[in-house]
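Q: Below is the file target-v3.txt, with compact mmCIF, C-alpha atoms.
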```
# COMPACT_ATOMS: atom_id res chain seq x y z
CA MET A 27 153.91 138.70 122.76
CA PRO A 28 154.74 141.17 125.56
CA ARG A 29 151.71 142.43 127.48
CA ARG A 30 150.55 145.87 126.37
CA VAL A 31 150.97 148.48 129.10
CA ASP A 32 147.90 150.52 130.06
CA HIS A 33 149.57 153.85 130.77
CA GLU A 34 146.53 155.43 132.43
CA GLU A 35 146.19 152.45 134.73
CA ARG A 36 149.89 152.64 135.58
CA ARG A 37 149.62 156.35 136.35
CA ARG A 38 146.60 155.65 138.54
CA GLN A 39 148.51 152.90 140.34
CA ILE A 40 151.28 155.38 141.17
CA THR A 41 149.01 158.29 142.21
CA ASP A 42 146.98 155.90 144.40
CA ALA A 43 150.22 154.89 146.10
CA CYS A 44 151.16 158.54 146.57
CA ARG A 45 147.76 159.20 148.16
CA ARG A 46 148.36 156.39 150.65
CA VAL A 47 151.84 157.67 151.51
CA VAL A 48 150.60 161.23 152.07
CA ALA A 49 147.59 160.09 154.12
CA ARG A 50 149.82 157.93 156.31
CA ASP A 51 153.05 159.93 156.60
CA GLY A 52 152.45 163.44 155.24
CA LEU A 53 153.37 165.32 152.08
CA GLU A 54 157.11 165.46 152.75
CA ALA A 55 157.23 161.66 152.90
CA ALA A 56 156.00 161.35 149.30
CA THR A 57 159.44 160.89 147.74
CA PHE A 58 159.94 158.96 144.53
CA GLN A 59 161.52 156.17 146.55
CA ALA A 60 158.61 155.91 149.00
CA VAL A 61 155.95 156.08 146.30
CA ALA A 62 157.77 153.54 144.11
CA ALA A 63 158.00 151.12 147.04
CA GLU A 64 154.33 151.64 147.90
CA SER A 65 153.19 151.06 144.32
CA GLY A 66 155.53 148.18 143.60
CA VAL A 67 157.26 149.82 140.63
CA SER A 68 160.72 151.23 140.07
CA VAL A 69 161.79 154.79 140.89
CA ARG A 70 162.71 155.18 137.24
CA LEU A 71 159.14 154.39 136.20
CA VAL A 72 157.70 156.98 138.59
CA GLN A 73 160.07 159.54 137.10
CA TYR A 74 159.13 158.47 133.57
CA TYR A 75 155.44 159.16 134.17
CA PHE A 76 155.65 162.32 136.30
CA GLY A 77 159.05 163.90 135.64
CA ASN A 78 159.65 165.26 139.13
CA LYS A 79 158.07 165.33 142.58
CA HIS A 80 156.09 168.45 141.77
CA GLY A 81 154.50 166.73 138.78
CA LEU A 82 153.67 163.69 140.89
CA LEU A 83 152.05 165.80 143.62
CA VAL A 84 149.94 167.86 141.21
CA ALA A 85 148.74 164.68 139.51
CA THR A 86 147.94 163.12 142.88
CA HIS A 87 145.92 166.13 143.98
CA ARG A 88 143.97 165.97 140.72
CA ALA A 89 143.36 162.23 141.26
CA VAL A 90 141.89 162.88 144.71
CA ILE A 91 139.54 165.54 143.33
CA GLU A 92 138.47 163.28 140.46
CA GLY A 93 137.84 160.44 142.91
CA SER A 94 135.59 162.69 144.96
CA ALA A 95 133.71 163.75 141.82
CA ALA A 96 133.27 160.10 140.85
CA ARG A 97 131.73 159.33 144.25
CA PHE A 98 129.33 162.23 143.83
CA GLY A 99 128.34 161.19 140.30
CA GLY A 100 128.06 157.49 141.02
CA GLY A 101 124.51 157.43 142.32
CA THR A 102 122.70 157.24 138.96
CA SER A 103 122.46 154.00 137.00
CA PRO A 104 122.38 154.00 133.19
CA GLY A 105 118.84 152.58 133.20
CA GLU A 106 117.42 155.35 135.38
CA SER A 107 115.38 158.27 134.07
CA ALA A 108 117.28 161.11 132.44
CA GLU A 109 115.17 163.55 134.50
CA PRO A 110 117.61 165.52 136.70
CA PRO A 111 117.13 165.05 140.44
CA PRO A 112 115.82 168.00 142.50
CA PRO A 113 118.46 170.64 143.35
CA ARG A 114 118.26 169.86 147.07
CA ALA A 115 119.03 166.19 146.41
CA VAL A 116 121.99 167.15 144.21
CA LEU A 117 123.35 169.55 146.82
CA ARG A 118 122.98 167.05 149.65
CA ALA A 119 124.70 164.32 147.63
CA LEU A 120 127.54 166.70 146.79
CA LEU A 121 128.07 167.76 150.41
CA VAL A 122 127.84 164.23 151.79
CA ALA A 123 130.38 163.08 149.19
CA GLN A 124 132.85 165.62 150.62
CA LEU A 125 132.50 164.56 154.27
CA PRO A 126 135.03 162.02 155.64
CA LEU A 127 132.40 159.51 156.74
CA ASP A 128 134.31 156.37 155.73
CA ASP A 129 137.94 155.31 155.52
CA ALA A 130 138.39 156.25 151.86
CA ARG A 131 136.93 159.73 152.24
CA ARG A 132 138.80 160.27 155.48
CA ALA A 133 142.11 159.42 153.79
CA ASP A 134 141.30 161.78 150.92
CA ALA A 135 140.39 164.57 153.36
CA VAL A 136 143.74 164.14 155.11
CA VAL A 137 145.55 164.28 151.76
CA LEU A 138 143.70 167.44 150.68
CA ALA A 139 144.44 169.06 154.05
CA ALA A 140 148.13 168.29 153.56
CA PHE A 141 148.08 169.92 150.12
CA HIS A 142 146.24 172.94 151.48
CA ALA A 143 148.76 173.41 154.28
CA ALA A 144 151.66 173.12 151.82
CA ALA A 145 150.08 175.64 149.44
CA LEU A 146 149.75 178.23 152.22
CA THR A 147 153.53 178.53 152.33
CA ASN A 148 154.14 177.68 148.66
CA GLU A 149 155.84 174.43 149.66
CA ALA A 150 155.69 171.71 146.98
CA VAL A 151 152.58 173.26 145.37
CA THR A 152 151.16 176.76 144.95
CA PRO A 153 147.64 178.00 145.74
CA GLN A 154 147.07 178.67 142.03
CA GLU A 155 147.61 175.00 141.20
CA LEU A 156 144.90 173.92 143.67
CA ARG A 157 142.37 176.62 142.89
CA GLY A 158 140.53 174.97 140.00
CA ALA A 159 138.64 172.33 141.97
CA PRO A 160 137.15 174.66 144.63
CA ARG A 161 136.07 177.13 141.93
CA ALA A 162 134.37 174.33 140.01
CA LEU A 163 132.49 173.28 143.17
CA VAL A 164 131.29 176.85 143.72
CA ASP A 165 129.99 176.94 140.14
CA LEU A 166 128.19 173.62 140.60
CA VAL A 167 126.53 174.59 143.88
CA ALA A 168 125.53 178.02 142.56
CA ALA A 169 123.97 176.42 139.47
CA GLN A 170 121.84 174.13 141.64
CA LEU A 171 120.72 177.04 143.82
CA LEU A 172 119.68 178.97 140.71
CA ARG A 173 117.75 175.91 139.48
CA GLU A 174 115.87 175.86 142.77
CA ARG A 175 115.18 179.58 142.99
CA GLY A 176 114.63 180.53 139.37
CA ASP A 177 115.77 183.87 138.01
CA GLY A 178 113.56 186.19 140.04
CA ALA A 179 115.17 188.66 142.44
CA LEU A 180 113.96 188.87 146.01
CA PRO A 181 112.12 192.07 147.10
CA GLY A 182 114.62 194.70 148.21
CA ASP A 183 117.58 192.62 147.03
CA ARG A 184 120.06 194.83 145.18
CA SER A 185 122.18 191.94 143.93
CA GLY A 186 121.31 189.71 141.02
CA PRO A 187 120.28 186.08 141.55
CA GLY A 188 123.62 184.87 140.18
CA ASP A 189 125.62 186.94 142.66
CA ARG A 190 123.43 185.82 145.53
CA ALA A 191 123.71 182.17 144.50
CA ARG A 192 127.51 182.35 144.35
CA LEU A 193 127.70 183.89 147.83
CA ASP A 194 125.44 181.15 149.17
CA ALA A 195 127.57 178.56 147.37
CA GLU A 196 130.64 179.93 149.13
CA LEU A 197 128.75 179.60 152.43
CA VAL A 198 127.79 176.00 151.67
CA LEU A 199 131.33 174.93 150.81
CA ALA A 200 132.87 176.82 153.73
CA SER A 201 130.45 174.96 156.01
CA ALA A 202 131.40 171.63 154.42
CA ALA A 203 135.10 172.42 154.92
CA GLY A 204 134.49 173.25 158.58
CA LEU A 205 132.52 170.04 159.11
CA THR A 206 135.30 168.04 157.46
CA GLN A 207 137.89 169.50 159.80
CA GLY A 208 135.64 168.89 162.78
CA ILE A 209 135.14 165.23 161.86
CA LEU A 210 138.87 164.70 161.28
CA ALA A 211 139.68 166.28 164.65
CA GLY A 212 136.98 164.29 166.43
CA HIS A 213 134.98 167.39 167.42
CA VAL A 214 131.99 166.59 165.21
CA SER A 215 130.30 163.22 164.75
CA GLY A 216 129.14 162.00 161.36
CA GLU A 217 125.53 162.09 162.58
CA THR A 218 125.87 165.72 163.67
CA ALA A 219 127.55 166.67 160.38
CA LEU A 220 124.65 165.23 158.37
CA ALA A 221 122.16 167.06 160.58
CA VAL A 222 124.05 170.33 159.98
CA VAL A 223 124.00 169.71 156.21
CA ASP A 224 120.22 169.24 156.30
CA ARG A 225 119.76 172.31 158.50
CA LEU A 226 121.87 174.42 156.14
CA LEU A 227 119.88 173.24 153.12
CA ASP A 228 116.64 174.06 154.96
CA HIS A 229 117.82 177.68 155.05
CA LEU A 230 118.90 177.81 151.41
CA VAL A 231 116.32 175.74 149.53
CA ASP A 232 112.80 174.55 150.16
CA PRO A 233 112.70 171.77 152.77
CA ALA A 234 112.25 168.29 151.30
```
Here is a file; write its structure as structure tokens.

A:
Amino acid sequence: MPRRVDHEERRRQITDACRRVVARDGLEAATFQAVAAESGVSVRLVQYYFGNKHGLLVATHRAVIEGSAARFGGGTSPGESAEPPPPRAVLRALLVAQLPLDDARRADAVVLAAFHAAALTNEAVTPQELRGAPRALVDLVAAQLLRERGDGALPGDRSGPGDRARLDAELVLASAAGLTQGILAGHVSGETALAVVDRLLDHLVDPA
């Protein structure tokens, strides 16, 4: 009998190849021909799964984001307690998962930077198509800050705790983006980036 094709695995094989092409040669190099050669499949098969280059690129961007989320969520074993970890631990794990501190994360950071640059000029992808993941991260960080702080407003604070938490979440993620760029450019060491993350969390939540 012919072997049954796992379509999700085949799609993942192709988007992984596209990630490697973009990380190595840039977004413009991610043609059907280049991605097919990198993944070891035919051009026709790439077209079958993704339709056109735009579809392939959007799927690849989503795969990078999902890979980052999997790294962040991979620290808990099924046998561990269901008790949620402290908000500071969650926030630190999330930020560290975003930093390009190993080859895999560095490659993903380069790919995301290429998508961001393309979206600024509406080349290949639009800003709207990339907006979902950053907004989801803001929601996640804000939720953890609210867990840490509770619902009480600070004396003299005219904004609600939710508004304040979202602004602080924007600050956290903007800092992580700046650290990522600094590491990629060689201006910031991994050790310094981790120290900055801890310093930022000291300002936003109770020190560990």

Q: Could you tell me how far CA of Arg37 in chain A sits from CA of Leu146 in chain A, in Å to one decimal place?

A: 27.0 Å

Q: Give the answer as one residue: which of A:Arg36, A:Gln124, A:Phe141, A:Asp194 has the shortest atom-to-atom distance to His80 in chain A, using only C-alpha atoms?

A: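 Selected residue with least distance to His80 in chain A: A:Phe141.
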
Q: Name the residues in contact with Leu163 in chain A at a cut-off of 12 Å, using all atoms listed in the file, excluding same-chain residues fewer than 2 positions from it; report them as a VMD selection string.

A: chain A and resid 91 to 92 94 to 95 98 117 120 to 121 124 157 to 161 165 to 170 192 195 to 200 202

Q: Tell me, as a CSV table (one decimal) with C-alpha atoms, in the frame of the given file, which residues lie within 10 Å of Leu127 in chain A, counting all atoms listed in the file; anything in the same chain fewer than 2 positions away does not count.

A:
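Resulting contents of result14.csv:
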```csv
chain,number,residue,atom,x,y,z
A,122,VAL,CA,127.8,164.2,151.8
A,123,ALA,CA,130.4,163.1,149.2
A,124,GLN,CA,132.8,165.6,150.6
A,125,LEU,CA,132.5,164.6,154.3
A,129,ASP,CA,137.9,155.3,155.5
A,130,ALA,CA,138.4,156.2,151.9
A,131,ARG,CA,136.9,159.7,152.2
A,132,ARG,CA,138.8,160.3,155.5
A,206,THR,CA,135.3,168.0,157.5
A,209,ILE,CA,135.1,165.2,161.9
A,210,LEU,CA,138.9,164.7,161.3
A,215,SER,CA,130.3,163.2,164.8
A,216,GLY,CA,129.1,162.0,161.4
A,217,GLU,CA,125.5,162.1,162.6
A,219,ALA,CA,127.6,166.7,160.4
A,220,LEU,CA,124.6,165.2,158.4
```

Q: Need to verify the contact set: Asn78 in chain A, 12 Å, only C-alpha atoms, exclusion of same-chain residues closer than 6 positions in sequence. Can you return it as an NGL selection string?

A: :A and (56-59 or 69-72 or 84-85 or 150)

Q: Let me have the centre and edge lengths of the axis-aligned box enclosing all listed atoms of range 131-148 of chain A with 6 Å padding on every side, in Å to one decimal, as JSON.

A:
```
{"center_x": 145.5, "center_y": 169.0, "center_z": 152.1, "size_x": 29.2, "size_y": 31.1, "size_z": 18.8}
```

Q: Smallest atom-to-atom distance to Val48 in chain A: which of A:Thr86, A:Thr152, A:Thr147, A:Gln73, using only C-alpha atoms?

A: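 Under the stated criterion, the closest residue is A:Thr86.
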
Q: A:Ala133, A:Arg97, A:Gly66, A:Val151: which is nearest Ala119 in chain A, counting all atoms listed in the file?

A: A:Arg97

Q: By how many Å are CA of Pro113 in chain A and CA of Arg173 in chain A apart?

A: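 Separation between CA of Pro113 in chain A and CA of Arg173 in chain A: 6.6 Å.
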
Q: Which value, in Å to one decimal, gives the distance between CA of Gln39 in chain A and CA of Ala96 in chain A?

A: 16.9 Å

Q: From the set A:Pro110, A:Val67, A:Arg118, A:Gly81, which residue has the shortest atom-to-atom contact distance to Leu226 in chain A, counting only C-alpha atoms?

A: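 Between A:Pro110, A:Val67, A:Arg118, A:Gly81, the residue approaching Leu226 in chain A most closely is A:Arg118.
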
Q: Between A:Val90, A:Val222, A:Leu83, A:Val214, which one has atoms that come closest to Glu155 in chain A, using only C-alpha atoms?

A: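 Closest to Glu155 in chain A, using only C-alpha atoms: A:Leu83.
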
Q: Would you mind telling me which residue in A:His33, A:Leu138, A:Val116, A:Asp128 lies nearest to Gln207 in chain A when using all atoms listed in the file?

A: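 Of A:His33, A:Leu138, A:Val116, A:Asp128, the one nearest Gln207 in chain A is A:Leu138, counting all atoms listed in the file.
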
Q: List the neighbours of Val61 in chain A out to 6 Å using only C-alpha atoms; skip same-chain residues closer than 3 positions along the sequence, and give me the result as a PyMOL selection string.

A: chain A and resi 43-44+58+64
